[in-house]
Amino acid sequence: MKPSPNIIQGPEWEQREKIPVRVFPDAVQASKRVADQISDALRKSALERGSLVLGLATGSTPIGLYRELVRMHREEGLSFEHVTTFNLDEYFPISPTHPESYHTFMREHLFDHVDIREENIHIPDGSIDRSDAFAACAKYEQKIKDAGGIDLQILGIGRTGHVGFNEPGSTSDSLTRLVSLDRITRRDAARDFLGEPNVPRYAITMGLATILEAKDIVLMAWGDAKAVIVSRAVEGPVSETVAATFLQRHPNARLVVDRAAAADLTRFKHPWLTGSPEWTPPLTRSAVVWLSNTVGKPVLKLVDEEYGEHGMGGLLTENGPAYNLNIRVFNDLQHTITGWPGGKPEADDTSRPERASPYPKRVVIFSAEPQDDVLYMGGTLRRLVNQGHDVHVIYQTSGSLAVPDDDALKYAECFLGFSRSVVAASSDLQDHLARLTDDIFSKKPFDADSPAVRRLKAVVRRSEALAAARVCGVDAAHLSFLDLPFYETGRYRNFKLTDRDCDEIASILDAIRPHQIYAAGGLSDPNSVQAICFEAFRGGFRSLENSCDWVESCRVWLYRETQREWNPDEIDMAVPLSPDELAVKIKAIYQHQSQRHQVPSEAAGYREAWQQVESRNRQTANLYDGLGLAEYEAIEAFKRWK
Ligand code: F6R
């Protein structure tokens, strides 16, 4: 039997992966494993020494771990009474009571819910005077030493490869200090801070030497946005440009990752380079596409020697010669392309991605936040409408948290101005609008929105969604705004899905009884709005499985809501867009004006959302072109959810 690629076995893995990596199917299971490890260490230390010193991280990554520790405390009596903690870092300058400070984060996610002693908690103080920073950092180092050093250090990893806030350029002998934050890091934090300008420019962080002194280190990473940096940290050369690579020199450092964050490790991405994999059809497709890209030739021109020279001799032996293999993969790829995402009526559909009948189809498109629909499948959406299908767009959350105050103010002033111009005397409406404008004016950057401001922000996003859907030809009566409760009652990073969310999805689905569903099914950070919305969809859909006959024949297509498109071996349907269709899609995205601020991109420099999806759609088209398939302007890709 062949070894499962999920298990590190044998010298090939070990040679490439310079830090042990444990891969779990998802972040929940992985977080539970790390929580078990902490609880084992706690019990062991209680017997041996009486106390345990933990190094802790903040951010999205450890949220599931802290949830599990809190659960273990409540349900299993896990005690933190003899635990001392040192947090990695804190923004600077920032008050400990600021909603985005790491002090607040730790209280909300862990300390307020367990029996840790106040005097055992240590977090760098971001509110000190700058001139005191040096002394405060030295004191922090001393406190760690006095506590006997860190027994177990928990880390996340930033897209720059930082651990703590040790940005590129940090040296391995660095200690706790004041640092300036990288632009990418500040942009990644922009959403939490409601805009990049609000993100502090500095932080106090433990140094790399401080971290590497820990006896045990566990670095956790989830979601495909971390895949590139995880592979660089694990397989790349040790270098100051990726701080996490220094973990390669630690005797007890390891990574715990989910499958999405592991995706760029060679054993998953190019397993034929590290051993003899089992040649499943998706792996074969992936390998042939890779070979075609690597040698720069279309699939149908690949020859036996090229397969042999690139570690794919086994594939040739099993499925060769090259000519047969090429044709098979070429046809496979060819069959993913369709201009008829809802199926081509009355056509032979044996090798088409979607069934011809019924026609027209009832189609549901889930959009986690307003804008996802047009951003990730605006071209396909328009085609479905133009081809006569009954298309419904369901906006799962109001998206109100993502509207900057400036935009809300602009709309409030616009409504107020308009109402004053049509109603001479003061009216209730004007008073209300005047109060709304005052609310926004008097709001400090991190005050929570008043209910009225939050409603205004939701209305802004609704009107933008309406305008964008109009560009794509969707009738306003076919748009539903669910304003799912998890989003309305939560904050970024604090969302909690409940049955109410899933029930709402189930009830609207059962009312429409769709033949086809599109949903965001990427492999993003499990705490993202999109990931939670997918869970809500999954919960709602599954709850109907046994009672509703339409569910069985309904096909679900996933678009990928992260910055990366599906890999070629994952694409089941590729919908080409003409230059005009791409232009219309961009016009639809433009309607989301409150979202026009720049968003992070993987490439250097930053681009607006429409620029990112435009280049992503063009890249997919170029990929197909390079493989020797038809040359299109752009392609939107989907994977079937089975
Ligand atoms: C936080 C910290 C950072 C984060 C990293 C990943 O204390 O030290 O290094 O671990 O920025 O952040 P998330 O988990 O939000 O992706």
# chains A, B, ... in the order shown; residues from 1 in each chain; ligands from 1

$ residues_around --residues "range 115-120 of chain A" --least-positions-apart "4" --cutoff "7 Å" --atoms "only C-alpha atoms" --output "MDAnalysis selection string"
chainID A and resid 79:81 83:85 111

$ select_by_dssp --residues "range 409-630 of chain A" --states "helix (DSSP H, G or I)" --output "MDAnalysis selection string"
chainID A and resid 409:422 428:442 451:471 476:478 485:488 499:512 529:544 549:551 579:590 593:595 609:626

$ atom_distance --atom1 "CA of Met312 in chain A" --atom2 "CA of His335 in chain A"
24.1 Å

$ residues_around --residues "Ala477 in chain A" --least-positions-apart "6" --cutoff "10 Å" --atoms "only C-alpha atoms" --output "short mmCIF file (atom, residue, chain, number, x, y, z; two decimals) with N, CA and C atoms, in the first residue's frame"
data_model
loop_
_atom_site.label_atom_id
_atom_site.label_comp_id
_atom_site.auth_asym_id
_atom_site.auth_seq_id
_atom_site.Cartn_x
_atom_site.Cartn_y
_atom_site.Cartn_z
N HIS A 392 -31.34 33.73 -8.31
CA HIS A 392 -31.58 34.42 -7.02
C HIS A 392 -30.23 34.65 -6.35
N VAL A 393 -30.00 35.85 -5.89
CA VAL A 393 -28.76 36.08 -5.13
C VAL A 393 -29.13 36.26 -3.66
N LEU A 466 -27.49 46.15 -4.90
CA LEU A 466 -28.60 46.31 -5.84
C LEU A 466 -28.10 46.86 -7.18
#

$ residues_near_ligand --ligand "ligand 1" --cutoff "9 Å" --atoms "only C-alpha atoms and all ligand atoms" --output "ChimeraX atom specification"
/A:56-63,87-90,102,154-167,185,188-189,205-206,219-222,225-226,493,525

$ residues_around --residues "Gly149 in chain A" --least-positions-apart "6" --cutoff "12 Å" --atoms "only C-alpha atoms" --output "JSON, numbers by chain"
{"A": [51, 52, 53, 54, 55, 84, 85, 86, 140, 141, 142, 143, 210, 211, 212, 213, 214, 215, 216]}

$ write_last_selection --atoms "all heavy atoms" --output "short mmCIF file (atom, residue, chain, number, x, y, z; two decimals), in the first residue's frame"
data_model
loop_
_atom_site.label_atom_id
_atom_site.label_comp_id
_atom_site.auth_asym_id
_atom_site.auth_seq_id
_atom_site.Cartn_x
_atom_site.Cartn_y
_atom_site.Cartn_z
N SER A 51 4.51 24.29 38.15
CA SER A 51 4.06 25.41 37.33
C SER A 51 4.50 25.24 35.87
O SER A 51 5.40 24.46 35.58
CB SER A 51 4.62 26.72 37.87
OG SER A 51 6.01 26.73 37.62
N LEU A 52 3.81 25.97 34.99
CA LEU A 52 4.14 25.89 33.55
C LEU A 52 4.18 27.30 33.00
O LEU A 52 3.32 28.13 33.32
CB LEU A 52 3.04 25.08 32.83
CG LEU A 52 3.27 24.87 31.33
CD1 LEU A 52 4.32 23.77 31.11
CD2 LEU A 52 1.98 24.46 30.63
N VAL A 53 5.17 27.57 32.14
CA VAL A 53 5.27 28.90 31.53
C VAL A 53 4.93 28.78 30.05
O VAL A 53 5.58 28.05 29.30
CB VAL A 53 6.69 29.48 31.71
CG1 VAL A 53 6.76 30.89 31.11
CG2 VAL A 53 7.07 29.51 33.19
N LEU A 54 3.87 29.49 29.67
CA LEU A 54 3.42 29.43 28.28
C LEU A 54 3.72 30.74 27.57
O LEU A 54 3.51 31.82 28.14
CB LEU A 54 1.91 29.21 28.21
CG LEU A 54 1.35 27.85 28.58
CD1 LEU A 54 -0.18 27.87 28.50
CD2 LEU A 54 1.90 26.78 27.63
N GLY A 55 4.19 30.65 26.33
CA GLY A 55 4.32 31.84 25.47
C GLY A 55 3.10 31.86 24.57
O GLY A 55 2.79 30.84 23.93
N THR A 84 1.92 30.47 34.13
CA THR A 84 2.39 31.85 33.92
C THR A 84 2.44 32.06 32.41
O THR A 84 2.86 31.16 31.68
CB THR A 84 3.81 32.02 34.52
OG1 THR A 84 3.71 31.77 35.91
CG2 THR A 84 4.35 33.41 34.28
N THR A 85 1.97 33.20 31.95
CA THR A 85 1.97 33.41 30.50
C THR A 85 2.76 34.66 30.12
O THR A 85 2.77 35.65 30.85
CB THR A 85 0.54 33.58 29.94
OG1 THR A 85 -0.05 34.72 30.55
CG2 THR A 85 -0.31 32.36 30.20
N PHE A 86 3.37 34.58 28.96
CA PHE A 86 4.05 35.74 28.36
C PHE A 86 3.53 35.87 26.94
O PHE A 86 3.70 34.94 26.14
CB PHE A 86 5.57 35.53 28.35
CG PHE A 86 6.17 35.65 29.71
CD1 PHE A 86 6.31 34.54 30.53
CD2 PHE A 86 6.57 36.90 30.19
CE1 PHE A 86 6.85 34.67 31.79
CE2 PHE A 86 7.11 37.03 31.46
CZ PHE A 86 7.24 35.91 32.27
N TYR A 140 11.02 42.95 30.52
CA TYR A 140 10.20 41.82 30.04
C TYR A 140 11.08 40.57 29.87
O TYR A 140 10.71 39.47 30.29
CB TYR A 140 9.54 42.20 28.70
CG TYR A 140 8.31 41.40 28.35
CD1 TYR A 140 7.13 41.56 29.07
CD2 TYR A 140 8.30 40.50 27.29
CE1 TYR A 140 5.98 40.85 28.76
CE2 TYR A 140 7.17 39.78 26.96
CZ TYR A 140 6.01 39.95 27.69
OH TYR A 140 4.89 39.24 27.37
N GLU A 141 12.24 40.79 29.27
CA GLU A 141 13.19 39.67 29.10
C GLU A 141 13.55 39.07 30.47
O GLU A 141 13.58 37.86 30.64
CB GLU A 141 14.49 40.15 28.44
CG GLU A 141 14.36 40.48 26.97
CD GLU A 141 14.36 39.24 26.09
OE1 GLU A 141 14.95 38.22 26.50
OE2 GLU A 141 13.74 39.27 25.00
N GLN A 142 13.82 39.98 31.41
CA GLN A 142 14.24 39.52 32.74
C GLN A 142 13.13 38.70 33.41
O GLN A 142 13.39 37.66 34.02
CB GLN A 142 14.62 40.74 33.60
CG GLN A 142 15.30 40.36 34.91
CD GLN A 142 16.56 39.48 34.70
OE1 GLN A 142 17.39 39.78 33.84
NE2 GLN A 142 16.65 38.37 35.43
N LYS A 143 11.88 39.17 33.21
CA LYS A 143 10.75 38.46 33.84
C LYS A 143 10.64 37.04 33.28
O LYS A 143 10.31 36.10 34.00
CB LYS A 143 9.45 39.21 33.58
CG LYS A 143 9.25 40.36 34.54
CD LYS A 143 7.85 40.89 34.37
CE LYS A 143 7.63 42.11 35.23
NZ LYS A 143 6.52 42.93 34.73
N THR A 210 14.55 35.48 21.89
CA THR A 210 13.64 35.22 23.01
C THR A 210 12.78 34.00 22.68
O THR A 210 12.61 33.09 23.49
CB THR A 210 12.71 36.43 23.25
OG1 THR A 210 13.38 37.64 22.92
CG2 THR A 210 12.17 36.46 24.66
N ILE A 211 12.23 33.99 21.47
CA ILE A 211 11.34 32.89 21.06
C ILE A 211 12.12 31.58 20.99
O ILE A 211 11.67 30.53 21.47
CB ILE A 211 10.70 33.23 19.70
CG1 ILE A 211 9.74 34.42 19.84
CG2 ILE A 211 9.99 32.02 19.11
CD1 ILE A 211 9.24 35.00 18.53
N LEU A 212 13.32 31.66 20.41
CA LEU A 212 14.08 30.42 20.20
C LEU A 212 14.62 29.82 21.50
O LEU A 212 15.05 28.68 21.54
CB LEU A 212 15.24 30.68 19.21
CG LEU A 212 14.78 31.01 17.78
CD1 LEU A 212 15.94 31.50 16.93
CD2 LEU A 212 14.11 29.80 17.11
N GLU A 213 14.59 30.62 22.57
CA GLU A 213 14.99 30.11 23.89
C GLU A 213 13.94 29.17 24.48
O GLU A 213 14.21 28.43 25.42
CB GLU A 213 15.14 31.29 24.87
CG GLU A 213 16.48 32.00 24.82
CD GLU A 213 17.59 31.13 25.40
OE1 GLU A 213 17.43 30.67 26.54
OE2 GLU A 213 18.58 30.89 24.69
N ALA A 214 12.70 29.23 23.97
CA ALA A 214 11.62 28.39 24.52
C ALA A 214 11.99 26.91 24.37
O ALA A 214 12.65 26.52 23.39
CB ALA A 214 10.32 28.68 23.80
N LYS A 215 11.55 26.10 25.34
CA LYS A 215 11.94 24.68 25.27
C LYS A 215 11.20 23.96 24.14
O LYS A 215 11.76 23.10 23.46
CB LYS A 215 11.65 24.00 26.62
CG LYS A 215 12.61 24.52 27.68
CD LYS A 215 12.16 24.20 29.11
CE LYS A 215 12.84 25.15 30.07
NZ LYS A 215 11.96 25.99 30.85
N ASP A 216 9.95 24.31 23.95
CA ASP A 216 9.13 23.70 22.90
C ASP A 216 8.45 24.81 22.13
O ASP A 216 8.00 25.77 22.74
CB ASP A 216 8.01 22.86 23.54
CG ASP A 216 8.35 21.40 23.55
OD1 ASP A 216 8.69 20.89 22.47
OD2 ASP A 216 8.26 20.79 24.63
#

$ atom_distance --atom1 "CA of Ala467 in chain A" --atom2 "CA of Gln593 in chain A"
10.5 Å

$ atom_distance --atom1 "CA of His515 in chain A" --atom2 "CA of Cys502 in chain A"
19.5 Å

$ closest_residue --among "A:Ile19, A:Ala35, A:Ala621, A:Val453" --to "Asn252 in chain A" --atoms "only C-alpha atoms"
A:Ile19

$ select_by_dssp --residues "range 102-277 of chain A" --states "strand (DSSP E or B)" --output "PyMOL selection string"
chain A and resi 121-122+152-155+163+166+177-180+202-205+216-221+239+242+253-258

$ write_last_selection --atoms "N, CA, C and O atoms" --output "compact mmCIF listing (two decimals), in the first residue's frame"
# COMPACT_ATOMS: atom_id res chain seq x y z
N ILE A 121 0.00 36.92 34.49
CA ILE A 121 -0.20 37.30 33.08
C ILE A 121 0.80 38.39 32.71
O ILE A 121 0.92 39.39 33.42
N HIS A 122 1.50 38.19 31.59
CA HIS A 122 2.43 39.23 31.13
C HIS A 122 2.19 39.51 29.65
O HIS A 122 2.22 38.58 28.84
N LEU A 152 6.57 26.24 26.72
CA LEU A 152 5.93 25.96 25.42
C LEU A 152 5.50 27.28 24.80
O LEU A 152 4.72 28.03 25.40
N GLN A 153 6.02 27.54 23.61
CA GLN A 153 5.70 28.79 22.92
C GLN A 153 4.74 28.51 21.76
O GLN A 153 5.02 27.67 20.90
N ILE A 154 3.59 29.19 21.76
CA ILE A 154 2.63 29.07 20.66
C ILE A 154 2.87 30.24 19.70
O ILE A 154 2.96 31.40 20.12
N LEU A 155 2.93 29.92 18.41
CA LEU A 155 3.15 30.97 17.41
C LEU A 155 2.12 30.89 16.30
O LEU A 155 1.62 29.81 15.96
N VAL A 163 7.16 35.97 12.95
CA VAL A 163 6.65 35.30 14.15
C VAL A 163 6.79 36.35 15.24
O VAL A 163 7.79 37.05 15.29
N ASN A 166 8.40 39.96 14.47
CA ASN A 166 9.75 39.98 13.91
C ASN A 166 9.64 39.97 12.40
O ASN A 166 9.57 38.91 11.76
N ARG A 177 11.83 44.10 21.86
CA ARG A 177 12.17 45.47 21.44
C ARG A 177 11.00 46.14 20.74
O ARG A 177 10.02 45.46 20.38
N LEU A 178 11.16 47.42 20.52
CA LEU A 178 10.16 48.18 19.77
C LEU A 178 10.51 48.07 18.29
O LEU A 178 11.67 48.30 17.92
N VAL A 179 9.54 47.69 17.46
CA VAL A 179 9.83 47.52 16.02
C VAL A 179 8.79 48.28 15.20
O VAL A 179 7.69 48.58 15.69
N SER A 180 9.12 48.58 13.95
CA SER A 180 8.06 49.14 13.10
C SER A 180 7.46 48.01 12.27
O SER A 180 8.14 47.05 11.90
N TYR A 202 3.84 50.76 14.98
CA TYR A 202 4.90 50.06 15.72
C TYR A 202 4.32 48.95 16.58
O TYR A 202 3.09 48.86 16.76
N ALA A 203 5.21 48.16 17.12
CA ALA A 203 4.80 47.12 18.07
C ALA A 203 5.98 46.82 18.99
O ALA A 203 7.13 47.10 18.65
N ILE A 204 5.64 46.28 20.15
CA ILE A 204 6.70 45.73 21.01
C ILE A 204 6.60 44.23 20.85
O ILE A 204 5.51 43.66 20.99
N THR A 205 7.71 43.60 20.52
CA THR A 205 7.66 42.15 20.29
C THR A 205 8.82 41.44 20.96
O THR A 205 9.92 42.00 21.05
N ASP A 216 9.95 24.31 23.95
CA ASP A 216 9.13 23.70 22.90
C ASP A 216 8.45 24.81 22.13
O ASP A 216 8.00 25.77 22.74
N ILE A 217 8.31 24.62 20.81
CA ILE A 217 7.64 25.66 20.02
C ILE A 217 6.63 24.99 19.08
O ILE A 217 6.96 24.01 18.39
N VAL A 218 5.42 25.51 19.06
CA VAL A 218 4.42 25.03 18.09
C VAL A 218 3.94 26.23 17.28
O VAL A 218 3.42 27.20 17.84
N LEU A 219 4.15 26.16 15.96
CA LEU A 219 3.65 27.23 15.09
C LEU A 219 2.41 26.70 14.39
O LEU A 219 2.44 25.63 13.78
N MET A 220 1.32 27.45 14.48
CA MET A 220 0.07 27.00 13.85
C MET A 220 -0.24 27.90 12.63
O MET A 220 0.07 29.10 12.66
N ALA A 221 -0.86 27.34 11.61
CA ALA A 221 -1.25 28.15 10.45
C ALA A 221 -2.45 27.52 9.77
O ALA A 221 -2.50 26.30 9.58
N SER A 239 16.82 32.33 6.62
CA SER A 239 17.19 33.67 6.17
C SER A 239 16.41 34.72 6.93
O SER A 239 15.28 34.49 7.36
N VAL A 242 12.75 35.72 6.00
CA VAL A 242 11.58 35.01 6.52
C VAL A 242 11.91 34.56 7.94
O VAL A 242 12.56 33.53 8.15
N ALA A 253 10.99 22.49 17.61
CA ALA A 253 9.97 23.33 16.97
C ALA A 253 9.19 22.46 15.99
O ALA A 253 9.76 21.57 15.36
N ARG A 254 7.89 22.68 15.89
CA ARG A 254 7.12 21.96 14.87
C ARG A 254 5.94 22.81 14.41
O ARG A 254 5.55 23.76 15.09
N LEU A 255 5.41 22.43 13.27
CA LEU A 255 4.27 23.15 12.73
C LEU A 255 3.03 22.27 12.84
O LEU A 255 3.10 21.05 12.61
N VAL A 256 1.92 22.90 13.15
CA VAL A 256 0.63 22.22 13.11
C VAL A 256 -0.22 23.04 12.15
O VAL A 256 -0.46 24.23 12.39
N VAL A 257 -0.60 22.45 11.04
CA VAL A 257 -1.28 23.22 10.00
C VAL A 257 -2.51 22.48 9.50
O VAL A 257 -2.63 21.26 9.69
N ASP A 258 -3.42 23.21 8.84
CA ASP A 258 -4.52 22.52 8.18
C ASP A 258 -4.10 22.22 6.74
O ASP A 258 -3.05 22.69 6.27
